[in-house]
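Take a look at the structure set out below.
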Amino acid sequence: MIKFNRFLLDNGLRVLVHEDKSTPLVAMNVLYDVGSRDEDPGLTGLAHLFEHLMFGGSVNIPEYDLPLQMVGGENNAFTNNDFTNYYLTIPSSNIETGFWLESDRMLNLDFSQKNLDTQKNVVIEEYNQRYLNQPYGDAILKLRPMAYKVHPYRWPTIGMDISHIENIDLDQVKEFFFSHYAPNNAILSLTGNINPDHAFNLTNKWFGPIEKRNVNERKIPAEPHQNEGRILTIEKDVPSNALYKVWHIGPRNSTDFYTLDLLTDLLAGGESGRLYTELVRDKKLFSEINAYITSDIDPGLIFVQGKLMKGIDIQFAEESVNKVINNLPDSDGIKDEMEKVKNKFESSTVFTNTSILNKAVNLAFCELLGNPELINREVDDYRKVNLDMVNDAITRYFVPSNCSTLYYKSTRNN
Amino acid sequence: MGNLQRVQPPVFPIEKINIPEVQSVKLNNEVPVYMIESGTEEIMRLEFIFRAGQINEYLPLLSSTTNMMLTEGSQNYSSEELNRLLDYYGAFISLSAEKDCAGIVIFFLNKHIEKILELSREILFRPIFPEEELDSLMKKRLSWYNESREKVQNLAIDQFFESVFGKHHPYGYQIKEKDFEGINPILLKDFHMKYYTPDSMTIIISGKVHKRTTELLNKYFGDITSDKIYIEDPENILKGEKKKKIHVTKSGAVQSAIRIGSATINKRHPDYPGLKVLDTVLGGYFGSRLMKNIREEKGFTYGISSFVSSLDLAGYKVISTEVSRKNCRKTIDEIYKEIRLLQTVPVGKEEMTVVKNYMSGEMVRMFDGPFALAESFKSVWEYGFDFSYFYSLVEKINTIDPDEINQLARTYYNIDELYEITAG
């Protein structure tokens with residue numbers, strides 16, 4: 001049970017505090033409700049590039065990292081489709097330095113052309129490193145536009161095309177800041193060795209004076225229902241064939257979320273998952289296989305992806321995957337396996353929450369979903385899933401017309 | 001906007017790190033157990049360590065394969081049953097075989113302690129190395145290997161270890177495709193019998209230590225004995241290759257991977273704490289010289305870092321980055337420039353303070369929570385130290401001066417002795 005206090009500042013900033021005296025540290029997390037789904041299709045990658053710019057100095061502080069390192073702190077950030085998240089951990093005696101730093105960059109950035117130019121290069125190298133210089137690294141770049149035709153989830157966080165990053169100018173960056181970075185579009189969470197009253201006073205002192213801003217209203221086109229299977233085959237110089245399949249699911253807040261989460265855990269949660277035992281261990285069709293759902297706020301995807309063993313026909317492997325999924329509810333031992341994945345989910349939640357940083361990020365995310373209490377409810381919601389619900393989900397979601405399939409073939413097999 | 005002065009709040013010195021006591025006991029068969037009480041949840045981290053790493057191999061892949069086969073079937077459980085039971089009890093197991101040591105770590109909820117110990121005994125002392133599972137593991141590993149050889153990072157680091165430690169030494173040997181064919185159950189059983197013995201076992205426990213832990217450990221592990229086996233000391237000589245600069249070609253690579261470094265002292269040497277400080281200045285944190293220059297000034301890379309690491313027979317230091325091919329040479333020149341600066345120009349006062357404070361903060365993080373504590377303990381236990389090692393590191397962080405850093409850079413970063421490996 002994670003106890004927390006929640007405050008709302010006059011300027012709209014939402015604040016969550018969880019005190020944990022067993023640690024000498026405090027974790028501070030600032031979540032901005034802006035992600036790659038909020039980008040213009042002609043200017044993709046901006047939200048993520050912006051994350052880099054947030055470290056280039058703010059209105060009163062020329063360098064972000066230096067004063068933080070000076071008080072023994074450490075920080076990082078990430079951007080996804082839905083939000084941008086900044087976090088730091090710091091010895092508790094110096095937490096006020098964290099407030100000073102984070103409030104100053106919410107107040108205003110020191111926009112410089114030099115910093116923009118450098119960070120563009122850094123992001124281009126990040127793109128090269130993550131997506132182009134890794135075998136199969138571009139699979140996700142191919143899959144998104146197959147599954148999404150309209151919704152901005154069709155491009156990855158790094159951007160649809162690297163030329164978008166290259167062309168971004170300083171005015172667009174400023175415009176992005178003032179229409180998305182605002183106290184009324186942010187969530188602050190604090191966990192660890194900090195008293196809620198102290199946290200509230202410091203928040204008021206440092207974030208209180210920042211005025212509300214006009215945040216762009218979110219107008220995201222809904223993805224139309226997919227009613228035909230989509231297939232793409234690509235051939236590249238990679239070591240073996242790989243299979244990727246995705247199916248549309250509902251939004252993060254839908255009731256099916258935990259059913260589908262449990263379902264993919266039955267399929268691929270650990271070495272005793274069904275896909276692993278049947279297709280890797282027994283039939284030896286794959287060298288590795290995984291299944292999971294995305295935690296996207298708007299309707300997301302189920303992913304199944306695997307690397308094939310040499311000499312295995314990709315269509316045969318695919319049929320075998322479908323069989324494992326469809327036979328799941330009637331198979332032997334399914335009741336025990338349900339109990340197994342529920343136990344594993346529960347213990348995994350306990351382990352995750354031993355870290356104050358995880359607690360801070362999760363609290364902010366649950367608040368973004370509209371209910372911070374979710375953090376304490378997840379295990380129960382997951383436990384409530386029964387076999388009928390799993391069966392029903394398989395029938396509704398694992399439908400060929402709802403699926404996009406990528407055959408990532410190796411030219412070396414030919 | 002009110003009248004708030006947006007200036008840095010008062011800075012407080014980082015409190016003295018609070019390192020808990022380690023309780024040390026011996027099981028009935030003399031196996032040492034170290035227990036670290038920490039945390040608020042009813043969970044434990046249990047680690048079994050054996051001197052069964054690559055250094056003990058008489059054939060490549062022997063150590064890692066023996067380790068990975070531990071959960072592939074035991075006298076009383078099939079591979080499937082073992083994995084299913086571990087999942088059923090909500091346990092997380094991680095297998096590891098490194099250069100010096102090998103073993104397993106299990107994270108579990110305290111209420112399942114007895115079952116977890118029973119399964120651990122099966123995994124560690126009763127594995128049967130079934131042929132079919134082995135065959136399938138080797139096929140999987142071969143395909144993972146082939147995939148890993150596609151990445152310039154791996155090509156570069158494998159070549160780095162070969163160059164630094166010598167191609168015949170277990171620290172430096174580069175795995176080849178043919179090595180995946182030579183492993184059979186008899187070899188694994190032999191390696192297991194020699195190196196997974198109570199004589200070479202150590203147990204490290206952290207978390208909310210269950211009050212019956214010692215009693216239960218004795219029940220499941222205290223009566224295991226092994227015959228003394230004479231093991232010939234393999235005459236491995238650590239000797240770096242002659243050629244200092246090697247490029248590994250990878251056609252079609254978008255970026256080149258750079259690894260620059262050499263063998264160096266390990267934790268047993270009194271200069272090691274000072275070397276850690278020097279390494280942090282150079283490339284050990286986000287504000288380091290290399291990050292500032294190569295990423296933040298020039299935008300050549302997403303990341304660059306330097307790292308000093310300790311092994312049983314030696315240590316090594318390595319600078320790592322991935323850059324566009326066109327910037328590869330320029331980056332290498334800048335790396336040498338930064339090293340030369342550290343050898344000749346004293347580090348300024350402000351930078352010294354930043355590094356000292358950053359490292360002090362890191363120390364607080366290294367002792368925060370049961371998992372971090374156990375890892376920190378293991379990292380010094382391997383070299384015969386206990387937590388008091390960290391007090392000497394703190395002392396060094398607090399007292400080191402710019403002259404000493406210049407001196408260390410001249411002693412340990414002789415540019416002519418560094419290996420320069422690129423892949424791309």
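Just remember, in the structure tokens the first chain shown is A, the second B, etc., residues are 1-based per chain, and ligands are 1-based in the order shown.
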
Identify all residues of region 34-109 of chain A in helix (DSSP H, G or I) (DSSP on the backbone) and supply them as a PyMOL selection string. chain A and resi 36-38+46-53+65-70+92-107

Can you build me a table of chain A residues sitting at most 7 Å from chain B, with the closest atom pair per residue and its distance in Å to one decimal, using only C-alpha atoms, sorted by chain and residue number, as a tab-separated table?
```
residue	atom	partner	partner_atom	distance
A:Ser22	CA	B:Gly39	CA	6.8
A:Thr23	CA	B:Asp368	CA	6.3
A:Asn60	CA	B:Arg6	CA	6.8
A:Asp65	CA	B:Gly287	CA	6.8
A:Leu66	CA	B:Gly287	CA	7.0
A:Gln69	CA	B:Tyr358	CA	4.8
A:Met70	CA	B:Val354	CA	4.6
A:Val71	CA	B:Asn357	CA	5.9
A:Gly72	CA	B:Gly361	CA	3.8
A:Gly73	CA	B:Gly361	CA	6.1
A:Pro91	CA	B:Gly361	CA	6.8
A:Ser93	CA	B:Phe12	CA	6.3
A:Asn94	CA	B:Phe12	CA	6.1
A:Glu96	CA	B:Pro9	CA	6.3
A:Thr97	CA	B:Pro9	CA	5.8
A:Trp100	CA	B:Gln8	CA	6.6
A:Thr118	CA	B:Gly299	CA	4.8
A:Gln119	CA	B:Gly299	CA	6.4
A:Asn121	CA	B:Gly299	CA	5.0
A:Val122	CA	B:Gly299	CA	4.9
A:Val123	CA	B:Tyr302	CA	6.8
A:Glu125	CA	B:Thr301	CA	5.5
A:Glu126	CA	B:Tyr302	CA	5.1
A:Asn128	CA	B:Val254	CA	6.6
A:Leu132	CA	B:Val254	CA	6.8
A:Asn133	CA	B:Val254	CA	5.6
A:Gln134	CA	B:Lys151	CA	6.0
A:Pro135	CA	B:Glu150	CA	6.5
A:Pro209	CA	B:Met1	CA	5.3
A:Pro239	CA	B:Glu147	CA	5.8
A:Glu271	CA	B:Asn83	CA	6.1
A:Ser272	CA	B:Arg84	CA	5.2
A:Ser287	CA	B:Lys140	CA	5.0
A:Lys340	CA	B:Tyr88	CA	4.2
A:Asn343	CA	B:Gly90	CA	5.3
A:Lys344	CA	B:Gly90	CA	4.1
A:Ser347	CA	B:Gly90	CA	5.4
```

Selected residues written out, N, CA and C atoms, as a tab-separated table (two decimals), in the first residue's frame:
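again_35.tsv, freshly written:
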```
chain	number	residue	atom	x	y	z
A	22	SER	N	12.68	5.21	4.98
A	22	SER	CA	13.75	4.21	5.01
A	22	SER	C	14.91	4.56	4.08
A	23	THR	N	14.77	5.63	3.31
A	23	THR	CA	15.84	6.00	2.39
A	23	THR	C	16.37	7.40	2.70
A	60	ASN	N	17.08	31.43	-15.39
A	60	ASN	CA	17.99	31.91	-14.33
A	60	ASN	C	19.17	30.98	-14.06
A	65	ASP	N	22.72	20.62	-15.30
A	65	ASP	CA	23.35	19.48	-14.63
A	65	ASP	C	24.32	19.87	-13.52
A	66	LEU	N	25.05	20.95	-13.77
A	66	LEU	CA	26.13	21.31	-12.85
A	66	LEU	C	25.66	21.47	-11.40
A	69	GLN	N	24.63	18.08	-9.88
A	69	GLN	CA	25.77	17.22	-9.53
A	69	GLN	C	26.46	17.77	-8.28
A	70	MET	N	26.46	19.08	-8.16
A	70	MET	CA	27.10	19.74	-7.02
A	70	MET	C	26.45	19.33	-5.70
A	71	VAL	N	25.19	18.95	-5.71
A	71	VAL	CA	24.55	18.53	-4.46
A	71	VAL	C	24.32	17.02	-4.43
A	72	GLY	N	25.06	16.30	-5.27
A	72	GLY	CA	25.00	14.84	-5.22
A	72	GLY	C	23.78	14.24	-5.91
A	73	GLY	N	23.15	15.00	-6.79
A	73	GLY	CA	21.96	14.50	-7.47
A	73	GLY	C	22.26	13.84	-8.79
A	91	PRO	N	20.10	13.50	-2.41
A	91	PRO	CA	20.07	13.34	-0.95
A	91	PRO	C	19.06	14.33	-0.35
A	93	SER	N	18.61	16.22	2.13
A	93	SER	CA	18.93	17.55	2.67
A	93	SER	C	18.98	18.61	1.57
A	94	ASN	N	19.24	18.18	0.34
A	94	ASN	CA	19.38	19.14	-0.76
A	94	ASN	C	18.19	19.18	-1.71
A	96	GLU	N	15.73	21.03	-1.94
A	96	GLU	CA	15.27	22.34	-2.42
A	96	GLU	C	15.98	22.73	-3.72
A	97	THR	N	17.22	22.27	-3.89
A	97	THR	CA	17.91	22.53	-5.16
A	97	THR	C	17.12	21.91	-6.33
A	100	TRP	N	14.28	24.25	-7.13
A	100	TRP	CA	14.80	25.44	-7.83
A	100	TRP	C	15.04	25.12	-9.30
A	118	THR	N	23.36	21.68	-31.60
A	118	THR	CA	24.07	20.52	-31.03
A	118	THR	C	23.10	19.38	-30.75
A	119	GLN	N	21.98	19.70	-30.10
A	119	GLN	CA	21.06	18.64	-29.71
A	119	GLN	C	20.41	17.97	-30.92
A	121	ASN	N	22.06	17.31	-33.64
A	121	ASN	CA	23.06	16.30	-33.99
A	121	ASN	C	23.03	15.11	-33.04
A	122	VAL	N	22.89	15.39	-31.73
A	122	VAL	CA	22.85	14.30	-30.76
A	122	VAL	C	21.66	13.39	-31.06
A	123	VAL	N	20.50	13.98	-31.36
A	123	VAL	CA	19.31	13.19	-31.63
A	123	VAL	C	19.47	12.38	-32.93
A	125	GLU	N	22.28	11.20	-34.03
A	125	GLU	CA	23.13	10.06	-33.66
A	125	GLU	C	22.35	9.03	-32.84
A	126	GLU	N	21.42	9.51	-32.01
A	126	GLU	CA	20.58	8.59	-31.24
A	126	GLU	C	19.73	7.74	-32.20
A	128	ASN	N	20.46	7.04	-35.34
A	128	ASN	CA	21.37	6.08	-35.99
A	128	ASN	C	21.67	4.90	-35.08
A	132	LEU	N	18.99	2.47	-36.83
A	132	LEU	CA	19.63	2.10	-38.09
A	132	LEU	C	20.81	1.17	-37.90
A	133	ASN	N	21.51	1.29	-36.79
A	133	ASN	CA	22.73	0.51	-36.65
A	133	ASN	C	22.51	-0.76	-35.84
A	134	GLN	N	21.27	-1.23	-35.72
A	134	GLN	CA	20.98	-2.46	-34.99
A	134	GLN	C	20.21	-3.38	-35.94
A	135	PRO	N	20.53	-4.66	-35.96
A	135	PRO	CA	19.72	-5.55	-36.78
A	135	PRO	C	18.26	-5.51	-36.29
A	209	PRO	N	4.52	30.63	-8.05
A	209	PRO	CA	4.51	31.88	-8.81
A	209	PRO	C	4.44	31.71	-10.34
A	239	PRO	N	20.73	-11.68	-39.52
A	239	PRO	CA	21.13	-13.08	-39.35
A	239	PRO	C	20.01	-14.11	-39.53
A	271	GLU	N	10.14	-17.66	-18.73
A	271	GLU	CA	10.51	-18.88	-19.44
A	271	GLU	C	9.40	-19.92	-19.44
A	272	SER	N	8.38	-19.74	-18.60
A	272	SER	CA	7.32	-20.75	-18.58
A	272	SER	C	6.09	-20.27	-19.35
A	287	SER	N	14.10	-18.81	-31.83
A	287	SER	CA	15.18	-18.72	-30.85
A	287	SER	C	14.74	-17.83	-29.69
A	340	LYS	N	-0.51	-18.64	-11.60
A	340	LYS	CA	0.93	-18.37	-11.69
A	340	LYS	C	1.20	-16.92	-12.15
A	343	ASN	N	0.28	-14.43	-9.42
A	343	ASN	CA	1.30	-14.36	-8.36
A	343	ASN	C	2.51	-13.55	-8.83
A	344	LYS	N	2.88	-13.80	-10.07
A	344	LYS	CA	4.07	-13.14	-10.60
A	344	LYS	C	3.81	-11.63	-10.74
A	347	SER	N	4.09	-10.15	-7.22
A	347	SER	CA	5.45	-9.99	-6.68
A	347	SER	C	6.22	-8.97	-7.50
```

CA of Lys26 (chain B) to CA of Phe125 (chain B): how many Å, to one decimal?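 A separation of 18.6 Å between them.
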
From region 147-251 of chain B, collect each residue whose DSSP state is strand (DSSP E) and return the set as a ChimeraX atom specification. /B:201-207,245-248

Those selected residues, please, written with N, CA and C atoms and delivered as a PDB file, in the first residue's frame.
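Final output, saved to selection00.pdb:
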```pdb
ATOM      1  N   MET B 201      31.613 -21.933  -2.564  1.00  0.00           N
ATOM      2  CA  MET B 201      30.339 -21.198  -2.559  1.00  0.00           C
ATOM      3  C   MET B 201      30.308 -20.122  -1.475  1.00  0.00           C
ATOM      4  N   THR B 202      29.702 -18.999  -1.818  1.00  0.00           N
ATOM      5  CA  THR B 202      29.421 -17.946  -0.839  1.00  0.00           C
ATOM      6  C   THR B 202      27.971 -17.516  -1.032  1.00  0.00           C
ATOM      7  N   ILE B 203      27.300 -17.210   0.069  1.00  0.00           N
ATOM      8  CA  ILE B 203      25.902 -16.781  -0.015  1.00  0.00           C
ATOM      9  C   ILE B 203      25.795 -15.342   0.495  1.00  0.00           C
ATOM     10  N   ILE B 204      25.149 -14.489  -0.284  1.00  0.00           N
ATOM     11  CA  ILE B 204      24.894 -13.110   0.160  1.00  0.00           C
ATOM     12  C   ILE B 204      23.378 -12.895   0.174  1.00  0.00           C
ATOM     13  N   ILE B 205      22.895 -12.430   1.318  1.00  0.00           N
ATOM     14  CA  ILE B 205      21.455 -12.251   1.485  1.00  0.00           C
ATOM     15  C   ILE B 205      21.177 -10.813   1.887  1.00  0.00           C
ATOM     16  N   SER B 206      20.138 -10.230   1.286  1.00  0.00           N
ATOM     17  CA  SER B 206      19.744  -8.900   1.750  1.00  0.00           C
ATOM     18  C   SER B 206      18.237  -8.769   1.676  1.00  0.00           C
ATOM     19  N   GLY B 207      17.721  -7.756   2.347  1.00  0.00           N
ATOM     20  CA  GLY B 207      16.279  -7.544   2.400  1.00  0.00           C
ATOM     21  C   GLY B 207      15.815  -7.605   3.840  1.00  0.00           C
ATOM     22  N   LYS B 245      46.424  -0.722 -32.637  1.00  0.00           N
ATOM     23  CA  LYS B 245      45.271  -0.159 -33.343  1.00  0.00           C
ATOM     24  C   LYS B 245      44.666  -1.204 -34.259  1.00  0.00           C
ATOM     25  N   ILE B 246      43.395  -1.508 -34.019  1.00  0.00           N
ATOM     26  CA  ILE B 246      42.733  -2.495 -34.873  1.00  0.00           C
ATOM     27  C   ILE B 246      41.381  -1.958 -35.300  1.00  0.00           C
ATOM     28  N   HIS B 247      41.087  -2.115 -36.586  1.00  0.00           N
ATOM     29  CA  HIS B 247      39.755  -1.787 -37.072  1.00  0.00           C
ATOM     30  C   HIS B 247      39.057  -3.068 -37.501  1.00  0.00           C
ATOM     31  N   VAL B 248      37.846  -3.285 -36.980  1.00  0.00           N
ATOM     32  CA  VAL B 248      37.044  -4.436 -37.381  1.00  0.00           C
ATOM     33  C   VAL B 248      36.014  -3.923 -38.385  1.00  0.00           C
TER      34      VAL B 248
END
```

What's around Asp261 (chain A) at 9 Å? Count only C-alpha atoms, leave out sequence neighbours fewer than 6 positions away in its own chain, and write the answer as a list in words. Tyr292, Ile293 and Tyr382 of chain A

Restrict the selected residues to C-alpha atoms and save them as an mmCIF file, in the first residue's frame.
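As written to disk, again.cif reads:
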```
data_model
loop_
_atom_site.group_PDB
_atom_site.id
_atom_site.type_symbol
_atom_site.label_atom_id
_atom_site.label_comp_id
_atom_site.auth_asym_id
_atom_site.auth_seq_id
_atom_site.Cartn_x
_atom_site.Cartn_y
_atom_site.Cartn_z
ATOM 1 C CA TYR A 292 3.156 -7.729 -24.660
ATOM 2 C CA ILE A 293 0.695 -4.890 -24.852
ATOM 3 C CA TYR A 382 -5.306 -7.998 -12.452
#
```

Quick one: residues within 8 Å of Phe387 (chain B), only C-alpha atoms counted, chain neighbours fewer than 6 positions away excluded, as a list of chain:residue names?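 Counting only the stated atoms, we get B:Ile19, B:Phe377, B:Val380.
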
Rounded to one decimal, what separation in Å do you get between CA of Ser74 (chain B) and CA of Leu275 (chain A)?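 That distance, rounded to one decimal, is 22.7 Å.
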
Asn11 (chain A) environment, 9 Å, only C-alpha atoms, sequence neighbours closer than 3 positions dropped, as a ChimeraX atom specification: /A:8,182-184,207-213

For the residues selected in the previous step, produce a file with N, CA and C atoms as an mmCIF file, in the first residue's frame.
```cif
data_model
loop_
_atom_site.group_PDB
_atom_site.id
_atom_site.type_symbol
_atom_site.label_atom_id
_atom_site.label_comp_id
_atom_site.auth_asym_id
_atom_site.auth_seq_id
_atom_site.Cartn_x
_atom_site.Cartn_y
_atom_site.Cartn_z
ATOM 1 N N LEU A 8 -3.448 20.418 -5.143
ATOM 2 C CA LEU A 8 -3.620 21.100 -6.419
ATOM 3 C C LEU A 8 -3.277 22.566 -6.196
ATOM 4 N N ALA A 182 3.639 23.860 -19.027
ATOM 5 C CA ALA A 182 2.895 24.789 -18.179
ATOM 6 C C ALA A 182 2.516 24.068 -16.897
ATOM 7 N N PRO A 183 2.369 24.822 -15.798
ATOM 8 C CA PRO A 183 1.989 24.143 -14.550
ATOM 9 C C PRO A 183 0.652 23.406 -14.692
ATOM 10 N N ASN A 184 -0.248 23.995 -15.471
ATOM 11 C CA ASN A 184 -1.550 23.357 -15.647
ATOM 12 C C ASN A 184 -1.517 22.194 -16.631
ATOM 13 N N PHE A 207 7.050 26.632 -7.350
ATOM 14 C CA PHE A 207 6.187 26.471 -8.529
ATOM 15 C C PHE A 207 4.971 27.390 -8.489
ATOM 16 N N GLY A 208 4.583 27.805 -7.259
ATOM 17 C CA GLY A 208 3.397 28.633 -7.095
ATOM 18 C C GLY A 208 3.380 29.879 -7.963
ATOM 19 N N PRO A 209 4.523 30.630 -8.049
ATOM 20 C CA PRO A 209 4.508 31.883 -8.814
ATOM 21 C C PRO A 209 4.440 31.713 -10.339
ATOM 22 N N ILE A 210 4.558 30.504 -10.849
ATOM 23 C CA ILE A 210 4.512 30.325 -12.311
ATOM 24 C C ILE A 210 3.059 30.409 -12.765
ATOM 25 N N GLU A 211 2.810 31.294 -13.730
ATOM 26 C CA GLU A 211 1.412 31.489 -14.138
ATOM 27 C C GLU A 211 0.909 30.400 -15.075
ATOM 28 N N LYS A 212 -0.394 30.196 -14.971
ATOM 29 C CA LYS A 212 -1.086 29.297 -15.894
ATOM 30 C C LYS A 212 -0.812 29.703 -17.336
ATOM 31 N N ARG A 213 -0.820 28.741 -18.255
ATOM 32 C CA ARG A 213 -0.641 29.093 -19.667
ATOM 33 C C ARG A 213 -1.767 28.495 -20.498
#
```

Lys409 (chain A) surroundings by only C-alpha atoms, 9 Å radius, close-in-sequence under 6 positions cut, as a PDB file with N, CA and C atoms, in the first residue's frame:
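Saved as part-v4.pdb:
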```pdb
ATOM      1  N   THR A 233       6.303  -7.514 -46.331  1.00  0.00           N
ATOM      2  CA  THR A 233       7.507  -8.340 -46.294  1.00  0.00           C
ATOM      3  C   THR A 233       8.697  -7.453 -46.627  1.00  0.00           C
ATOM      4  N   ILE A 234       9.712  -7.492 -45.796  1.00  0.00           N
ATOM      5  CA  ILE A 234      10.940  -6.791 -46.171  1.00  0.00           C
ATOM      6  C   ILE A 234      12.110  -7.764 -46.084  1.00  0.00           C
ATOM      7  N   GLU A 235      13.116  -7.511 -46.876  1.00  0.00           N
ATOM      8  CA  GLU A 235      14.293  -8.378 -46.870  1.00  0.00           C
ATOM      9  C   GLU A 235      15.507  -7.537 -46.560  1.00  0.00           C
ATOM     10  N   LYS A 236      16.296  -8.020 -45.597  1.00  0.00           N
ATOM     11  CA  LYS A 236      17.492  -7.267 -45.221  1.00  0.00           C
ATOM     12  C   LYS A 236      18.608  -8.234 -44.876  1.00  0.00           C
ATOM     13  N   ASP A 237      19.800  -7.685 -44.797  1.00  0.00           N
ATOM     14  CA  ASP A 237      20.950  -8.492 -44.436  1.00  0.00           C
ATOM     15  C   ASP A 237      21.015  -8.648 -42.917  1.00  0.00           C
ATOM     16  N   VAL A 238      20.123  -9.493 -42.394  1.00  0.00           N
ATOM     17  CA  VAL A 238      20.098  -9.763 -40.943  1.00  0.00           C
ATOM     18  C   VAL A 238      20.350 -11.259 -40.748  1.00  0.00           C
ATOM     19  N   SER A 240      18.754 -13.757 -39.199  1.00  0.00           N
ATOM     20  CA  SER A 240      17.709 -14.765 -39.367  1.00  0.00           C
ATOM     21  C   SER A 240      16.378 -14.078 -39.630  1.00  0.00           C
ATOM     22  N   ASN A 241      15.387 -14.877 -40.033  1.00  0.00           N
ATOM     23  CA  ASN A 241      14.057 -14.316 -40.255  1.00  0.00           C
ATOM     24  C   ASN A 241      13.419 -13.910 -38.926  1.00  0.00           C
ATOM     25  N   ALA A 242      12.581 -12.895 -38.992  1.00  0.00           N
ATOM     26  CA  ALA A 242      11.852 -12.497 -37.782  1.00  0.00           C
ATOM     27  C   ALA A 242      10.401 -12.226 -38.157  1.00  0.00           C
ATOM     28  N   LEU A 243       9.511 -12.498 -37.204  1.00  0.00           N
ATOM     29  CA  LEU A 243       8.076 -12.317 -37.418  1.00  0.00           C
ATOM     30  C   LEU A 243       7.544 -11.299 -36.410  1.00  0.00           C
ATOM     31  N   ILE A 314       8.503 -19.276 -42.469  1.00  0.00           N
ATOM     32  CA  ILE A 314       7.917 -18.197 -41.674  1.00  0.00           C
ATOM     33  C   ILE A 314       6.391 -18.320 -41.569  1.00  0.00           C
TER      34      ILE A 314
END
```

Find the residues around Pro273 (chain B) up to 9 Å (only C-alpha atoms counted), leave out those fewer than 2 positions away in its own chain, and share them as a list in words. Lys267, His269, Pro270, Asp271, Leu275, Lys276, Val277, Leu278, Ser392, Leu393, Val394, Lys396 and Ile397 of chain B

Hey, can you check how far CA of Ile334 (chain A) sits from CA of Leu387 (chain A)?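 A separation of 8.4 Å between them.
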